[in-house]
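Working notes for the structure below.
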Amino acid sequence: MTSAKQYDGLEIAIIGISAQFPGSNDYREFWNNLAAGSESLQFLTDEELKERGVDATLLNDAAFVKTAGGVLSEKETFDNGFFGYTVEEATLMDPQIRLFHKHCWNALEDAGYTAAIDKKKIGLFAGASGNTNWKIHLYGQSANSNVDPLYLSMISTPNFINTLVAYKLNLRGPVFYVDSACSTSLGAIHLACRSLLTRECALALAGGISIQTTRKKGYKYHEGRISSNDGHCRTFDKDASGTAVGEGAGVIVLKRLSEAMKDGDNIYAIIRATAVNNDGAQKVGYTAPSVKGQAECIAAAMKMANVEPGSISYVEAHGTATRLGDPIEVRALNEAFALGGKEKTCAIGSVKSNVGHLDTAAGVAGLIKTALCLQHRQLVPSLHFKAANPEIDFNGGPFFVNTNLQSWEGRDGQPLRAGVSSFGIGGTNAHAILEEAPVRSDSDAGRKYKLLTVSAKTAGAVERYLSSLRGFLE
């Protein structure tokens, strides 16, 4: 068994984070919302729905759900000059690509690195949601465009999101677009960890983004489909009827733990291991989840991490709140942990109850949530859970749904550990084992006053930076 001071060289440190989720424009706001137990989903009035073109007769339909889901604020803004794009190019660019530039830059800045100065090879692994609506929009907008048609196709297609960012930020490590549906971003993190361990790069950016360019105006609930009957995501609850749809963007910076410790980097948490697999044909249908596939993936991650299931005291579940998915996920966890109906020692929850299902950004949202829980040594509430879905076998394992903000304490001198699951529709499963960061030794107090230097490209940017810094210090 490993301890907090014993590492085998396969650990990866999370040293930078940039995130934007419903109700939050950065990861600090995200943490505050999680700790407060806030649901960041938008519900619409009849007047708002009428203004968006919804027929009045539909508003009186009992099956009509008056929600826009989890929506990002400030997703339209983009400093095109900073990244070297013309106004016309930025106007025609897929909004996901625009916003992803910002989060890759912010994540590197949060980690204290920049490819413009550092000689390290930096890799990038991420994915985005499909955006057919934006392509249709461009047919009318680009008729008189001065942008080269080939280049226009690239800046409006999610598949080019990573290579465009790599070009603008001078990233010279491996750069790959990842797409495995809902498990995309955790799968990207898995690939980034592998690239670091094989020393293809010294730093790696990984994550995902999902933004919808259609104006949300509710939906009609249909039994058995993925969207819930009331717009809420009631993961593991008896009243769960489906998920809520959300938007989000998350990018993390990864580095081999041994080098991060040597270089004095800020470490949010450690990734001890990751694993991926696919269900194959061992399930009732293409879109159905598989107990065996999920259990094998989780067990593989624990084996690679060289940790016992009993040392893990939190699992961030995929948690779609579907009547089929939730029971299968807990059955798979019970099988992977193989601890029987012993004492309830492992909390479980899902960020989808706060912000909805973020599609390609779902996995990185869960991982960032878990890393922040480890950093703060607190477990945050999973929302809307009152009584368990009777189909879920909570008696068959150590799991309980955590519904309150509480301190998170280690057991028997072991470090805090957690699992993070993300399962893609179609069968690609991903799981990560996280651990709290090693305790840093105190440095000398040094001088009474310390100088903070601030740098930006324009005077306005300096002011915004100073304002952000003041907010952080306060």
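We label chains A, B, ... in the order they appear in the structure tokens, count residues from 1 in each chain, and number ligands from 1 in the order shown.
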
Which residues are close to A:Ala56, i.e. within 10 Å by only C-alpha atoms, leaving aside same-chain residues fewer than 4 positions away? Reply as a list of chain:residue names.
A:Asp46, A:Glu47, A:Leu49, A:Lys50, A:Asn60, A:Asp61

Okay, now the selection with C-alpha atoms, as a PDB file, in the first residue's frame?
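The result, stored in result_26.pdb:
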```pdb
ATOM      1  CA  ASP A  46     -43.931  32.213 -20.094  1.00  0.00           C
ATOM      2  CA  GLU A  47     -43.110  35.731 -21.265  1.00  0.00           C
ATOM      3  CA  LEU A  49     -40.613  31.674 -23.852  1.00  0.00           C
ATOM      4  CA  LYS A  50     -43.128  33.618 -25.941  1.00  0.00           C
ATOM      5  CA  ASN A  60     -50.035  24.935 -21.268  1.00  0.00           C
ATOM      6  CA  ASP A  61     -48.905  21.396 -22.096  1.00  0.00           C
TER       7      ASP A  61
END
```

Counting only C-alpha atoms, give me one row per residue of stretch 323-430 of chain A with an atom at most 8 Å from an atom of stretch 237-241 of chain A, showing the shortest contact pair and its distance in Å to one decimal, sorted by chain then residue number, as a tab-separated table.
```
residue	atom	partner	partner_atom	distance
A:Arg323	CA	A:Ser241	CA	6.3
A:His384	CA	A:Asp237	CA	7.2
A:Phe385	CA	A:Asp237	CA	5.1
A:Lys386	CA	A:Asp237	CA	6.4
A:Ala387	CA	A:Asp237	CA	5.5
A:Ala388	CA	A:Asp237	CA	4.6
A:Asn389	CA	A:Lys238	CA	3.7
A:Pro390	CA	A:Lys238	CA	6.6
```

Selected residues, C-alpha atoms, written as a tab-separated table (two decimals), in the first residue's frame, please.
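Output saved as again-v4.tsv:
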```tsv
chain	number	residue	atom	x	y	z
A	323	ARG	CA	-33.60	5.24	-14.56
A	384	HIS	CA	-31.93	16.78	-5.29
A	385	PHE	CA	-31.35	13.50	-3.47
A	386	LYS	CA	-34.07	12.63	-0.94
A	387	ALA	CA	-34.68	8.90	-1.27
A	388	ALA	CA	-32.81	6.35	-3.37
A	389	ASN	CA	-34.09	4.90	-6.59
A	390	PRO	CA	-35.28	1.45	-5.39
```

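Of the listed residues (A:His431, A:Tyr219, A:Ala260, A:Ile328), A:His431 comes nearest to A:Ala299; the distances count only C-alpha atoms.
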
Just want the 9 Å neighbourhood of A:Ala362, counted on only C-alpha atoms, with same-chain residues fewer than 2 positions away dropped. Output as JSON, numbers by chain.
{"A": [182, 183, 184, 185, 186, 208, 209, 210, 248, 249, 250, 318, 351, 352, 356, 357, 358, 359, 360, 364, 365, 366, 367, 422]}

Using only C-alpha atoms, I'd like a table of the residues in stretch 221-335 of chain A that come within 12 Å of stretch 121-145 of chain A; for each, show the closest atom pair and its distance in Å rounded to one decimal, ordered by chain and ascending number, as CSV.
```
residue,atom,partner,partner_atom,distance
A:Gly246,CA,A:Ser129,CA,11.7
A:Glu247,CA,A:Ser129,CA,9.9
A:Gly248,CA,A:Ala128,CA,10.1
A:Ala249,CA,A:Ala128,CA,9.1
A:Gly250,CA,A:Ala126,CA,9.6
A:Val251,CA,A:Ala126,CA,8.4
A:Ile252,CA,A:Leu124,CA,10.0
A:Val253,CA,A:Leu124,CA,9.3
A:Leu254,CA,A:Gly123,CA,9.5
A:Lys255,CA,A:Ile122,CA,9.7
```

Selection near stretch 394-401 of chain A, 8 Å with only C-alpha atoms, sequence-local residues under 2 positions removed, as a PyMOL selection string
chain A and resi 236+330-331+333-334+337-349+382+385+392+403

Emit the selected residues as a PDB file, in the first residue's frame, including N, CA, C and O atoms.
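out_10.pdb written:
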```pdb
ATOM      1  N   PHE A 236     -29.457   9.564  -8.741  1.00  0.00           N
ATOM      2  CA  PHE A 236     -29.645   8.488  -7.765  1.00  0.00           C
ATOM      3  C   PHE A 236     -30.979   8.562  -7.013  1.00  0.00           C
ATOM      4  O   PHE A 236     -31.275   7.688  -6.205  1.00  0.00           O
ATOM      5  N   VAL A 330     -24.066   2.166 -10.167  1.00  0.00           N
ATOM      6  CA  VAL A 330     -23.788   1.721  -8.796  1.00  0.00           C
ATOM      7  C   VAL A 330     -23.472   0.227  -8.766  1.00  0.00           C
ATOM      8  O   VAL A 330     -22.595  -0.220  -8.012  1.00  0.00           O
ATOM      9  N   ARG A 331     -24.149  -0.567  -9.586  1.00  0.00           N
ATOM     10  CA  ARG A 331     -23.807  -1.996  -9.661  1.00  0.00           C
ATOM     11  C   ARG A 331     -22.363  -2.187 -10.105  1.00  0.00           C
ATOM     12  O   ARG A 331     -21.635  -3.028  -9.559  1.00  0.00           O
ATOM     13  N   LEU A 333     -19.884  -0.032  -9.727  1.00  0.00           N
ATOM     14  CA  LEU A 333     -19.016   0.393  -8.629  1.00  0.00           C
ATOM     15  C   LEU A 333     -18.942  -0.696  -7.556  1.00  0.00           C
ATOM     16  O   LEU A 333     -17.855  -0.996  -7.042  1.00  0.00           O
ATOM     17  N   ASN A 334     -20.088  -1.270  -7.215  1.00  0.00           N
ATOM     18  CA  ASN A 334     -20.085  -2.348  -6.224  1.00  0.00           C
ATOM     19  C   ASN A 334     -19.203  -3.506  -6.668  1.00  0.00           C
ATOM     20  O   ASN A 334     -18.451  -4.085  -5.869  1.00  0.00           O
ATOM     21  N   PHE A 337     -15.421  -2.375  -6.561  1.00  0.00           N
ATOM     22  CA  PHE A 337     -14.890  -2.212  -5.206  1.00  0.00           C
ATOM     23  C   PHE A 337     -14.932  -3.527  -4.429  1.00  0.00           C
ATOM     24  O   PHE A 337     -14.089  -3.756  -3.557  1.00  0.00           O
ATOM     25  N   ALA A 338     -15.907  -4.385  -4.733  1.00  0.00           N
ATOM     26  CA  ALA A 338     -16.001  -5.719  -4.132  1.00  0.00           C
ATOM     27  C   ALA A 338     -15.871  -5.692  -2.614  1.00  0.00           C
ATOM     28  O   ALA A 338     -15.170  -6.508  -2.015  1.00  0.00           O
ATOM     29  N   LEU A 339     -16.572  -4.734  -1.993  1.00  0.00           N
ATOM     30  CA  LEU A 339     -16.493  -4.608  -0.537  1.00  0.00           C
ATOM     31  C   LEU A 339     -17.772  -5.050   0.158  1.00  0.00           C
ATOM     32  O   LEU A 339     -17.876  -4.985   1.372  1.00  0.00           O
ATOM     33  N   GLY A 340     -18.761  -5.472  -0.624  1.00  0.00           N
ATOM     34  CA  GLY A 340     -20.001  -5.945  -0.020  1.00  0.00           C
ATOM     35  C   GLY A 340     -20.747  -4.839   0.703  1.00  0.00           C
ATOM     36  O   GLY A 340     -20.474  -3.662   0.560  1.00  0.00           O
ATOM     37  N   GLY A 341     -21.735  -5.220   1.501  1.00  0.00           N
ATOM     38  CA  GLY A 341     -22.566  -4.252   2.201  1.00  0.00           C
ATOM     39  C   GLY A 341     -22.000  -3.848   3.541  1.00  0.00           C
ATOM     40  O   GLY A 341     -22.680  -3.904   4.563  1.00  0.00           O
ATOM     41  N   LYS A 342     -20.756  -3.471   3.572  1.00  0.00           N
ATOM     42  CA  LYS A 342     -20.111  -3.085   4.826  1.00  0.00           C
ATOM     43  C   LYS A 342     -20.482  -1.644   5.177  1.00  0.00           C
ATOM     44  O   LYS A 342     -21.374  -1.037   4.607  1.00  0.00           O
ATOM     45  N   GLU A 343     -19.772  -1.104   6.125  1.00  0.00           N
ATOM     46  CA  GLU A 343     -19.993   0.269   6.569  1.00  0.00           C
ATOM     47  C   GLU A 343     -19.927   1.234   5.394  1.00  0.00           C
ATOM     48  O   GLU A 343     -19.129   1.056   4.473  1.00  0.00           O
ATOM     49  N   LYS A 344     -20.778   2.269   5.413  1.00  0.00           N
ATOM     50  CA  LYS A 344     -20.832   3.244   4.327  1.00  0.00           C
ATOM     51  C   LYS A 344     -19.651   4.208   4.454  1.00  0.00           C
ATOM     52  O   LYS A 344     -19.697   5.192   5.184  1.00  0.00           O
ATOM     53  N   THR A 345     -18.592   3.896   3.748  1.00  0.00           N
ATOM     54  CA  THR A 345     -17.335   4.630   3.898  1.00  0.00           C
ATOM     55  C   THR A 345     -16.973   5.475   2.689  1.00  0.00           C
ATOM     56  O   THR A 345     -15.977   6.195   2.719  1.00  0.00           O
ATOM     57  N   CYS A 346     -17.757   5.390   1.620  1.00  0.00           N
ATOM     58  CA  CYS A 346     -17.388   6.103   0.390  1.00  0.00           C
ATOM     59  C   CYS A 346     -18.567   6.956  -0.079  1.00  0.00           C
ATOM     60  O   CYS A 346     -19.608   6.432  -0.479  1.00  0.00           O
ATOM     61  N   ALA A 347     -18.396   8.267  -0.036  1.00  0.00           N
ATOM     62  CA  ALA A 347     -19.421   9.189  -0.524  1.00  0.00           C
ATOM     63  C   ALA A 347     -19.465   9.149  -2.040  1.00  0.00           C
ATOM     64  O   ALA A 347     -18.469   8.827  -2.702  1.00  0.00           O
ATOM     65  N   ILE A 348     -20.628   9.490  -2.589  1.00  0.00           N
ATOM     66  CA  ILE A 348     -20.791   9.505  -4.035  1.00  0.00           C
ATOM     67  C   ILE A 348     -21.658  10.712  -4.394  1.00  0.00           C
ATOM     68  O   ILE A 348     -22.518  11.140  -3.614  1.00  0.00           O
ATOM     69  N   GLY A 349     -21.397  11.295  -5.545  1.00  0.00           N
ATOM     70  CA  GLY A 349     -22.167  12.452  -5.980  1.00  0.00           C
ATOM     71  C   GLY A 349     -21.942  12.717  -7.446  1.00  0.00           C
ATOM     72  O   GLY A 349     -21.158  12.022  -8.105  1.00  0.00           O
ATOM     73  N   SER A 382     -24.335  16.710  -3.234  1.00  0.00           N
ATOM     74  CA  SER A 382     -24.952  16.329  -4.500  1.00  0.00           C
ATOM     75  C   SER A 382     -26.433  16.662  -4.351  1.00  0.00           C
ATOM     76  O   SER A 382     -27.066  16.269  -3.363  1.00  0.00           O
ATOM     77  N   PHE A 385     -31.224  14.878  -3.927  1.00  0.00           N
ATOM     78  CA  PHE A 385     -31.348  13.496  -3.474  1.00  0.00           C
ATOM     79  C   PHE A 385     -32.099  13.467  -2.155  1.00  0.00           C
ATOM     80  O   PHE A 385     -31.669  14.036  -1.153  1.00  0.00           O
ATOM     81  N   ILE A 392     -31.542   0.869  -7.280  1.00  0.00           N
ATOM     82  CA  ILE A 392     -30.113   1.012  -6.993  1.00  0.00           C
ATOM     83  C   ILE A 392     -29.740   0.176  -5.775  1.00  0.00           C
ATOM     84  O   ILE A 392     -30.362   0.291  -4.709  1.00  0.00           O
ATOM     85  N   THR A 403     -25.058  14.591   0.726  1.00  0.00           N
ATOM     86  CA  THR A 403     -26.020  15.671   0.498  1.00  0.00           C
ATOM     87  C   THR A 403     -25.711  16.934   1.296  1.00  0.00           C
ATOM     88  O   THR A 403     -26.489  17.888   1.258  1.00  0.00           O
TER      89      THR A 403
END
```

If you run DSSP on this backbone, which residues of stretch 47-163 of chain A come out as strand (DSSP E or B), and could you give them as an mmCIF file with all heavy atoms, in the first residue's frame?
```cif
data_model
loop_
_atom_site.group_PDB
_atom_site.id
_atom_site.type_symbol
_atom_site.label_atom_id
_atom_site.label_comp_id
_atom_site.auth_asym_id
_atom_site.auth_seq_id
_atom_site.Cartn_x
_atom_site.Cartn_y
_atom_site.Cartn_z
ATOM 1 N N PHE A 64 -44.538 19.983 -21.172
ATOM 2 C CA PHE A 64 -43.547 20.955 -21.635
ATOM 3 C C PHE A 64 -42.708 21.441 -20.463
ATOM 4 O O PHE A 64 -43.240 21.879 -19.434
ATOM 5 C CB PHE A 64 -44.224 22.143 -22.316
ATOM 6 C CG PHE A 64 -43.252 23.117 -22.926
ATOM 7 C CD1 PHE A 64 -42.535 22.778 -24.063
ATOM 8 C CD2 PHE A 64 -43.042 24.354 -22.348
ATOM 9 C CE1 PHE A 64 -41.625 23.669 -24.620
ATOM 10 C CE2 PHE A 64 -42.134 25.251 -22.891
ATOM 11 C CZ PHE A 64 -41.428 24.909 -24.033
ATOM 12 N N VAL A 65 -41.378 21.367 -20.587
ATOM 13 C CA VAL A 65 -40.443 21.740 -19.522
ATOM 14 C C VAL A 65 -39.843 23.099 -19.861
ATOM 15 O O VAL A 65 -39.175 23.255 -20.887
ATOM 16 C CB VAL A 65 -39.337 20.686 -19.358
ATOM 17 C CG1 VAL A 65 -38.447 21.031 -18.167
ATOM 18 C CG2 VAL A 65 -39.947 19.297 -19.176
ATOM 19 N N THR A 67 -37.324 25.263 -19.444
ATOM 20 C CA THR A 67 -35.940 25.454 -19.012
ATOM 21 C C THR A 67 -35.016 25.695 -20.188
ATOM 22 O O THR A 67 -35.269 25.216 -21.299
ATOM 23 C CB THR A 67 -35.447 24.230 -18.221
ATOM 24 O OG1 THR A 67 -34.098 24.437 -17.801
ATOM 25 C CG2 THR A 67 -35.487 22.973 -19.077
ATOM 26 N N ALA A 68 -33.951 26.430 -19.910
ATOM 27 C CA ALA A 68 -32.869 26.593 -20.879
ATOM 28 C C ALA A 68 -31.658 25.763 -20.478
ATOM 29 O O ALA A 68 -30.630 25.779 -21.149
ATOM 30 C CB ALA A 68 -32.474 28.067 -20.989
ATOM 31 N N GLY A 69 -31.772 25.052 -19.351
ATOM 32 C CA GLY A 69 -30.666 24.224 -18.883
ATOM 33 C C GLY A 69 -29.567 25.065 -18.259
ATOM 34 O O GLY A 69 -29.789 26.150 -17.735
ATOM 35 N N GLY A 70 -28.350 24.552 -18.315
ATOM 36 C CA GLY A 70 -27.190 25.270 -17.787
ATOM 37 C C GLY A 70 -26.548 26.097 -18.881
ATOM 38 O O GLY A 70 -26.009 25.562 -19.839
ATOM 39 N N ILE A 122 4.796 21.393 -24.903
ATOM 40 C CA ILE A 122 3.470 21.365 -24.292
ATOM 41 C C ILE A 122 2.508 20.671 -25.240
ATOM 42 O O ILE A 122 2.403 21.032 -26.411
ATOM 43 C CB ILE A 122 2.974 22.789 -23.979
ATOM 44 C CG1 ILE A 122 3.962 23.515 -23.059
ATOM 45 C CG2 ILE A 122 1.580 22.745 -23.346
ATOM 46 C CD1 ILE A 122 3.606 24.961 -22.793
ATOM 47 N N GLY A 123 1.798 19.663 -24.740
ATOM 48 C CA GLY A 123 0.809 18.952 -25.541
ATOM 49 C C GLY A 123 -0.596 19.472 -25.271
ATOM 50 O O GLY A 123 -0.834 20.194 -24.302
ATOM 51 N N LEU A 124 -1.529 19.110 -26.128
ATOM 52 C CA LEU A 124 -2.921 19.528 -25.973
ATOM 53 C C LEU A 124 -3.844 18.406 -26.438
ATOM 54 O O LEU A 124 -3.733 17.925 -27.571
ATOM 55 C CB LEU A 124 -3.187 20.801 -26.779
ATOM 56 C CG LEU A 124 -4.642 21.299 -26.857
ATOM 57 C CD1 LEU A 124 -5.237 21.518 -25.476
ATOM 58 C CD2 LEU A 124 -4.720 22.580 -27.679
ATOM 59 N N PHE A 125 -4.751 17.996 -25.546
ATOM 60 C CA PHE A 125 -5.701 16.915 -25.822
ATOM 61 C C PHE A 125 -7.076 17.387 -25.371
ATOM 62 O O PHE A 125 -7.280 17.664 -24.185
ATOM 63 C CB PHE A 125 -5.310 15.650 -25.064
ATOM 64 C CG PHE A 125 -3.912 15.171 -25.341
ATOM 65 C CD1 PHE A 125 -2.822 15.745 -24.684
ATOM 66 C CD2 PHE A 125 -3.687 14.153 -26.253
ATOM 67 C CE1 PHE A 125 -1.531 15.303 -24.939
ATOM 68 C CE2 PHE A 125 -2.401 13.705 -26.511
ATOM 69 C CZ PHE A 125 -1.319 14.289 -25.860
ATOM 70 N N ALA A 126 -8.022 17.488 -26.283
ATOM 71 C CA ALA A 126 -9.350 17.992 -25.920
ATOM 72 C C ALA A 126 -10.350 17.683 -27.026
ATOM 73 O O ALA A 126 -9.980 17.253 -28.131
ATOM 74 C CB ALA A 126 -9.296 19.501 -25.659
ATOM 75 N N GLY A 127 -11.618 17.940 -26.731
ATOM 76 C CA GLY A 127 -12.670 17.770 -27.714
ATOM 77 C C GLY A 127 -13.762 18.798 -27.507
ATOM 78 O O GLY A 127 -13.813 19.473 -26.473
ATOM 79 N N ALA A 128 -14.635 18.924 -28.489
ATOM 80 C CA ALA A 128 -15.742 19.878 -28.439
ATOM 81 C C ALA A 128 -16.999 19.212 -28.979
ATOM 82 O O ALA A 128 -16.942 18.170 -29.627
ATOM 83 C CB ALA A 128 -15.403 21.129 -29.251
#
```

I'd like to know which residues of stretch 93-229 of chain A are alpha helix (DSSP H) (by DSSP, run on the backbone); could you write them as a ChimeraX atom specification?
/A:95-111,132-141,149-155,161-169,184-197

Please list as a PyMOL selection string every residue within 12 Å of A:Ser258, counting only C-alpha atoms and excluding residues in the same chain fewer than 3 positions away.
chain A and resi 5-13+196-197+202+254-255+261-265+267+270+437-438

Could you take the residues named above and write them with C-alpha atoms, as a PDB file, in the first residue's frame?
```pdb
ATOM      1  CA  LYS A   5       5.066  10.126   0.874  1.00  0.00           C
ATOM      2  CA  GLN A   6       5.515   7.111  -1.371  1.00  0.00           C
ATOM      3  CA  TYR A   7       5.122   7.544  -5.111  1.00  0.00           C
ATOM      4  CA  ASP A   8       6.075   5.211  -7.921  1.00  0.00           C
ATOM      5  CA  GLY A   9       6.828   7.803 -10.605  1.00  0.00           C
ATOM      6  CA  LEU A  10       3.559   7.341 -12.510  1.00  0.00           C
ATOM      7  CA  GLU A  11       1.697  10.143 -10.726  1.00  0.00           C
ATOM      8  CA  ILE A  12       0.612  13.259 -12.593  1.00  0.00           C
ATOM      9  CA  ALA A  13       0.121  16.638 -10.906  1.00  0.00           C
ATOM     10  CA  LEU A 196       3.517  12.807 -20.126  1.00  0.00           C
ATOM     11  CA  LEU A 197       4.549   9.374 -18.856  1.00  0.00           C
ATOM     12  CA  ALA A 202       6.795  18.132 -20.369  1.00  0.00           C
ATOM     13  CA  LEU A 254      -0.733  18.460 -16.137  1.00  0.00           C
ATOM     14  CA  LYS A 255       2.878  17.705 -15.279  1.00  0.00           C
ATOM     15  CA  MET A 261       7.468  18.968  -6.763  1.00  0.00           C
ATOM     16  CA  LYS A 262      11.045  19.720  -7.774  1.00  0.00           C
ATOM     17  CA  ASP A 263      10.027  22.932  -9.557  1.00  0.00           C
ATOM     18  CA  GLY A 264       7.830  24.155  -6.698  1.00  0.00           C
ATOM     19  CA  ASP A 265       4.637  24.245  -8.781  1.00  0.00           C
ATOM     20  CA  ILE A 267      -0.413  21.372  -7.079  1.00  0.00           C
ATOM     21  CA  ILE A 270      -2.606  14.276  -8.064  1.00  0.00           C
ATOM     22  CA  ALA A 437      -1.486  16.943  -3.135  1.00  0.00           C
ATOM     23  CA  PRO A 438       1.611  16.280  -1.011  1.00  0.00           C
TER      24      PRO A 438
END
```

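Distance check against A:Leu257 using only C-alpha atoms: of A:Leu203, A:Cys233, A:Asn162, A:Thr458, the minimum falls on A:Leu203.
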
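Distance check against A:Asp326 using only C-alpha atoms: of A:Asn429, A:Asn404, A:Thr235, A:Thr157, the minimum falls on A:Thr235.
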
Separation of atom CA of A:Gly471 from atom CA of A:Arg98 in Å:
25.3 Å

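Residue nearest A:Gln96, chosen from A:Arg447, A:Lys369, A:His376, A:Lys75 and counting only C-alpha atoms: A:Lys75.
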